[in-house]
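As provided, run.txt (compact mmCIF, C-alpha atoms) reads as follows.
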# COMPACT_ATOMS: atom_id res chain seq x y z
CA MET A 1 0.00 0.00 0.00
CA GLU A 2 1.41 3.36 -1.02
CA ALA A 3 1.90 6.09 1.58
CA LYS A 4 0.21 9.42 0.89
CA THR A 5 1.75 12.75 1.81
CA LEU A 6 -0.57 14.68 4.12
CA THR A 7 -1.52 18.28 3.48
CA SER A 8 -1.88 20.89 6.21
CA THR A 9 -5.66 20.47 5.91
CA ASP A 10 -5.32 16.71 6.47
CA ARG A 11 -3.17 17.34 9.54
CA GLN A 12 -5.65 19.86 10.96
CA LEU A 13 -8.57 17.49 10.39
CA LEU A 14 -6.71 14.67 12.13
CA LEU A 15 -6.08 17.02 15.06
CA TYR A 16 -9.78 17.87 15.08
CA ASP A 17 -10.51 14.13 15.11
CA ILE A 18 -8.51 13.87 18.34
CA PHE A 19 -10.23 16.83 20.00
CA LYS A 20 -13.75 15.78 19.05
CA SER A 21 -13.23 12.40 20.72
CA CYS A 22 -11.56 13.50 23.98
CA GLU A 23 -12.49 15.76 26.88
CA GLN A 24 -8.83 16.38 27.61
CA ILE A 25 -5.73 15.45 25.67
CA SER A 26 -2.08 15.87 26.53
CA PHE A 27 0.59 17.06 24.13
CA GLU A 28 2.20 13.60 24.29
CA GLU A 29 -1.07 11.92 23.29
CA ILE A 30 -1.36 14.26 20.30
CA THR A 31 2.22 13.68 19.16
CA SER A 32 1.83 9.91 19.52
CA ARG A 33 -0.79 10.10 16.76
CA LEU A 34 0.61 13.11 14.86
CA PRO A 35 4.41 13.43 14.90
CA VAL A 36 4.57 17.23 14.75
CA GLY A 37 6.05 19.94 16.94
CA ARG A 38 4.41 22.02 19.65
CA LYS A 39 4.29 25.23 17.57
CA MET A 40 2.57 23.49 14.68
CA ILE A 41 0.00 21.99 17.04
CA GLN A 42 -0.63 25.43 18.53
CA ARG A 43 -1.08 26.96 15.05
CA ASP A 44 -3.46 24.18 14.06
CA ILE A 45 -5.44 24.61 17.28
CA ARG A 46 -5.72 28.34 16.51
CA MET A 47 -6.99 27.55 13.01
CA LEU A 48 -9.54 25.00 14.31
CA THR A 49 -10.65 27.59 16.86
CA ASP A 50 -11.02 30.26 14.15
CA ALA A 51 -13.07 27.78 12.09
CA GLY A 52 -15.43 27.45 15.06
CA LEU A 53 -14.73 23.75 15.53
CA ILE A 54 -13.12 23.66 18.96
CA CYS A 55 -12.71 25.89 21.98
CA VAL A 56 -9.90 24.53 24.16
CA ARG A 57 -7.39 25.86 26.65
CA TYR A 58 -4.22 24.40 28.10
CA SER A 59 -4.53 23.36 31.74
CA ARG A 60 -1.21 23.37 33.58
CA LYS A 61 -2.76 21.42 36.42
CA ASP A 62 -3.86 18.58 34.12
CA ARG A 63 -0.96 19.09 31.69
CA ALA A 64 -3.47 18.73 28.89
CA TYR A 65 -5.69 20.64 26.53
CA VAL A 66 -9.23 20.71 27.89
CA HIS A 67 -12.47 21.92 26.38
CA SER A 68 -13.19 25.35 27.84
CA GLY A 69 -16.94 24.81 28.02
CA GLN A 70 -17.58 27.82 25.82
CA LYS A 71 -19.31 27.58 22.47
CA SER A 72 -16.91 27.68 19.55
CA VAL A 73 -17.55 30.53 17.13
CA PHE A 74 -16.49 30.97 13.50
CA GLN A 75 -14.08 33.89 12.98
CA GLU A 76 -16.27 36.11 10.78
CA SER A 77 -13.52 38.68 10.29
CA ALA A 78 -11.37 36.20 8.33
CA GLU A 79 -10.86 37.19 4.70
CA GLY A 80 -9.61 35.81 1.41
CA ARG A 81 -7.86 32.45 1.22
CA TYR A 82 -7.79 32.12 5.01
CA ARG A 83 -11.59 32.39 5.17
CA THR A 84 -11.93 29.89 2.31
CA HIS A 85 -9.68 27.47 4.19
CA LEU A 86 -11.65 27.90 7.43
CA LEU A 87 -14.91 27.22 5.59
CA LYS A 88 -13.42 24.08 4.04
CA LEU A 89 -12.23 22.85 7.46
CA ARG A 90 -15.69 23.49 8.87
CA ARG A 91 -17.41 21.69 5.98
CA ILE A 92 -15.25 18.57 6.18
CA ALA A 93 -15.40 18.49 9.99
CA THR A 94 -19.19 18.60 9.65
CA LEU A 95 -18.97 15.57 7.38
CA MET A 96 -16.78 13.77 9.93
CA THR A 97 -19.52 14.10 12.54
CA GLN A 98 -22.81 14.26 10.61
CA LEU A 99 -22.42 12.25 7.40
CA TYR A 100 -24.42 9.03 7.49
CA MET A 101 -26.25 6.56 5.30
CA VAL A 102 -28.96 3.98 5.75
CA ASP A 103 -26.97 0.77 6.00
CA ASP A 104 -28.96 -2.03 4.46
CA SER A 105 -26.29 -4.42 3.26
CA TYR A 106 -28.87 -7.03 2.19
CA TYR A 107 -30.66 -4.59 -0.07
CA PHE A 108 -30.29 -5.54 -3.74
CA GLY A 109 -33.36 -3.88 -5.23
CA ASP A 110 -33.72 -0.38 -6.60
CA SER A 111 -30.78 1.43 -4.99
CA GLU A 112 -32.26 4.86 -5.76
CA ASN A 113 -34.66 4.47 -2.82
CA VAL A 114 -31.84 3.95 -0.28
CA TYR A 115 -30.51 6.99 1.60
CA THR A 116 -26.79 7.17 0.75
CA CYS A 117 -23.97 9.28 2.12
CA LYS A 118 -24.00 11.19 -1.19
CA MET A 119 -27.62 12.17 -0.56
CA CYS A 120 -26.71 13.15 3.00
CA TYR A 121 -23.86 15.32 1.66
CA TYR A 122 -26.25 17.30 -0.53
CA ASP A 123 -28.74 17.60 2.34
CA LEU A 124 -25.97 19.11 4.48
CA PHE A 125 -24.58 21.31 1.69
CA PRO A 126 -27.28 21.93 -0.95
CA ASP A 127 -25.22 24.55 -2.81
CA ALA A 128 -22.18 22.29 -3.23
CA SER A 129 -21.09 21.17 -6.67
CA GLU A 130 -20.42 17.58 -7.66
CA ARG A 131 -16.70 18.36 -7.94
CA MET A 132 -16.66 19.79 -4.40
CA ARG A 133 -18.32 16.61 -3.09
CA GLN A 134 -15.74 14.46 -4.88
CA ARG A 135 -12.86 16.48 -3.40
CA ASP A 136 -14.40 16.34 0.08
CA PHE A 137 -14.86 12.56 -0.12
CA GLU A 138 -11.26 12.26 -1.36
CA GLN A 139 -10.07 14.35 1.59
CA LEU A 140 -12.00 12.15 4.03
CA ASN A 141 -10.45 9.05 2.45
CA ARG A 142 -6.94 10.50 2.90
CA ILE A 143 -7.46 10.89 6.66
CA GLY A 144 -8.98 7.44 7.18
CA TYR A 145 -12.72 8.06 6.81
CA ASP A 146 -13.26 5.58 4.03
CA ILE A 147 -15.97 6.30 1.49
CA SER A 148 -16.11 4.09 -1.57
CA TYR A 149 -18.42 3.56 -4.49
CA ASP A 150 -19.88 0.10 -5.09
CA ASN A 151 -20.62 -0.45 -8.80
CA THR A 152 -22.90 -3.43 -8.20
CA GLN A 153 -25.23 -1.53 -5.86
CA ARG A 154 -24.58 1.85 -7.52
CA ARG A 155 -24.11 3.76 -4.30
CA TYR A 156 -21.49 5.03 -1.87
CA PHE A 157 -20.58 3.20 1.33
CA MET A 158 -18.81 4.84 4.24
CA TRP A 159 -16.80 4.02 7.37
CA GLU A 160 -18.37 2.29 10.34
CA ASP A 161 -16.59 3.46 13.49
CA ASN A 162 -16.58 7.05 14.79
CA GLY A 163 -14.40 6.41 17.87
CA LEU A 164 -10.91 7.73 18.46
CA ARG A 165 -8.31 5.66 16.65
CA GLU A 166 -5.23 4.71 18.65
CA ASP A 167 -3.04 5.12 15.59
CA PHE A 168 -3.65 7.26 12.51
CA GLY A 169 -0.87 5.53 10.59
CA VAL A 170 0.93 8.87 10.31
CA TYR A 171 4.71 9.06 10.28
CA ARG A 172 7.38 11.58 9.33
CA GLU A 173 9.64 10.89 6.35
CA ASN A 174 12.11 13.41 4.91
CA GLY A 175 10.40 16.24 6.80
CA LYS A 176 6.93 15.42 5.45
CA LEU A 177 4.00 13.77 7.16
CA LYS A 178 2.80 10.61 5.43
CA ARG A 179 -0.04 8.22 6.09
CA ILE A 180 -0.30 4.56 5.13

Serialized structure, structure tokens:
Amino acid sequence: MEAKTLTSTDRQLLLYDIFKSCEQISFEEITSRLPVGRKMIQRDIRMLTDAGLICVRYSRKDRAYVHSGQKSVFQESAEGRYRTHLLKLRRIATLMTQLYMVDDSYYFGDSENVYTCKMCYYDLFPDASERMRQRDFEQLNRIGYDISYDNTQRRYFMWEDNGLREDFGVYRENGKLKRI
């Protein structure tokens, strides 16, 4: 299996995956899943905070990042490419938590009557283009949220488990993050 080089968006979404599954998480627990430095983690946390996805603070007592209890808010003053990136992070993070399908693996009839994750995508984002959906599904696949198309049933199937993974399969090679 070929390793894929992770983008900064992939890295930020994997960090979000950690925070959405834990009430508190230490720096060591983060770096055991994502081999990156403290400054990069802090920048990514700032970006996830600006996207309105998390609201955390570092607790010296617990030596961990903890959810602050406040509601996370999108940074409306963001402009240009930064705003576009924040909106993309928010959209894909929404898919990580809200995308679903009706799983009827014994269904072999008219597949158009089955609620698929593609239908769910367009319910969540009605103004999205087909190309945007394809890119978003590709991004989810890169970070381990498998979505695949089954030609026999003519519909998309998606991952099963939403729990925190012990290992993301991420490693550092020649200064770049890669994932198996």

Please determine, counting only C-alpha atoms, which residue among A:Ile25, A:Thr9, A:Lys4, A:Tyr100 has the shortest atom-to-atom distance to Leu87 in chain A.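 Among the listed residues, the smallest separation from Leu87 in chain A belongs to A:Thr9.
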
Neighbours of range 119-132 of chain A within 8 Å (only C-alpha atoms; same-chain residues fewer than 6 positions away dropped), as a list in words? Leu95, Leu99, Tyr100 and Met101 of chain A

Between CA of Lys176 in chain A and CA of Arg11 in chain A, what is the distance, to one decimal in Å?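 Going from CA of Lys176 in chain A over to CA of Arg11 in chain A covers 11.1 Å.
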
Give me, as JSON lines, the closest atom pair and its distance (Å, one decimal) for every residue of range 73-103 of chain A within a cut-off of 10 Å of range 38-54 of chain A, counting all atoms listed in the file, rows sorted by chain and rising number.
{"residue": "A:Val73", "atom": "CA", "partner": "A:Gly52", "partner_atom": "CA", "distance": 4.3}
{"residue": "A:Phe74", "atom": "CA", "partner": "A:Gly52", "partner_atom": "CA", "distance": 4.0}
{"residue": "A:Gln75", "atom": "CA", "partner": "A:Asp50", "partner_atom": "CA", "distance": 4.9}
{"residue": "A:Glu76", "atom": "CA", "partner": "A:Asp50", "partner_atom": "CA", "distance": 8.6}
{"residue": "A:Ser77", "atom": "CA", "partner": "A:Asp50", "partner_atom": "CA", "distance": 9.6}
{"residue": "A:Ala78", "atom": "CA", "partner": "A:Asp50", "partner_atom": "CA", "distance": 8.3}
{"residue": "A:Tyr82", "atom": "CA", "partner": "A:Met47", "partner_atom": "CA", "distance": 9.2}
{"residue": "A:Arg83", "atom": "CA", "partner": "A:Ala51", "partner_atom": "CA", "distance": 8.4}
{"residue": "A:His85", "atom": "CA", "partner": "A:Ala51", "partner_atom": "CA", "distance": 8.6}
{"residue": "A:Leu86", "atom": "CA", "partner": "A:Ala51", "partner_atom": "CA", "distance": 4.9}
{"residue": "A:Leu87", "atom": "CA", "partner": "A:Ala51", "partner_atom": "CA", "distance": 6.8}
{"residue": "A:Lys88", "atom": "CA", "partner": "A:Ala51", "partner_atom": "CA", "distance": 8.9}
{"residue": "A:Leu89", "atom": "CA", "partner": "A:Ala51", "partner_atom": "CA", "distance": 6.8}
{"residue": "A:Arg90", "atom": "CA", "partner": "A:Ala51", "partner_atom": "CA", "distance": 6.0}
{"residue": "A:Arg91", "atom": "CA", "partner": "A:Ala51", "partner_atom": "CA", "distance": 9.7}
{"residue": "A:Ala93", "atom": "CA", "partner": "A:Leu53", "partner_atom": "CA", "distance": 7.7}
{"residue": "A:Thr94", "atom": "CA", "partner": "A:Leu53", "partner_atom": "CA", "distance": 9.0}

Which is closest to Asn174 in chain A among A:Ser59, A:Gln134, A:Gln98, A:Thr5, if we use only C-alpha atoms?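 Smallest separation from Asn174 in chain A among the options: A:Thr5.
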
Range 61-64 of chain A: which residues within 8 Å, counting only C-alpha atoms, same-chain residues fewer than 3 positions away excluded, as a PyMOL selection string? chain A and resi 24-27+58

Under the rule that all atoms listed in the file are counted, which of A:Arg57, A:Gly144, A:Asp136, A:Tyr65 is the nearest residue to Glu28 in chain A?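 With all atoms listed in the file as the atom set, the closest residue is A:Tyr65.
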
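Residue neighbourhood of Ile147 in chain A, excluding near-sequence residues (fewer than 3 positions): Phe137, Leu140, Asn141, Tyr156, Phe157, Met158 and Trp159 of chain A, at 8 Å, using only C-alpha atoms.
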
Which value, in Å to one decimal, gives the distance between CA of Thr84 in chain A and CA of Arg33 in chain A?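 Distance between the two atoms: 26.9 Å.
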
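Across the model, the gap from CA of Arg142 in chain A to CA of Ile92 in chain A is 12.0 Å.
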
Please write out, as lines of an AutoDock Vina configuration file, where the centre of an axis-aligned box around all listed atoms of range 73-84 of chain A lies and how long its edges are, in Å to one decimal, after adding 3 Å on each side.
center_x = -12.7
center_y = 34.3
center_z = 9.2
size_x = 15.8
size_y = 14.8
size_z = 21.9

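Considering the residues A:His67, A:Gly80, A:Ile143, A:Glu166 and counting only C-alpha atoms, Ser8 in chain A has its shortest atom-to-atom contact with A:Ile143.
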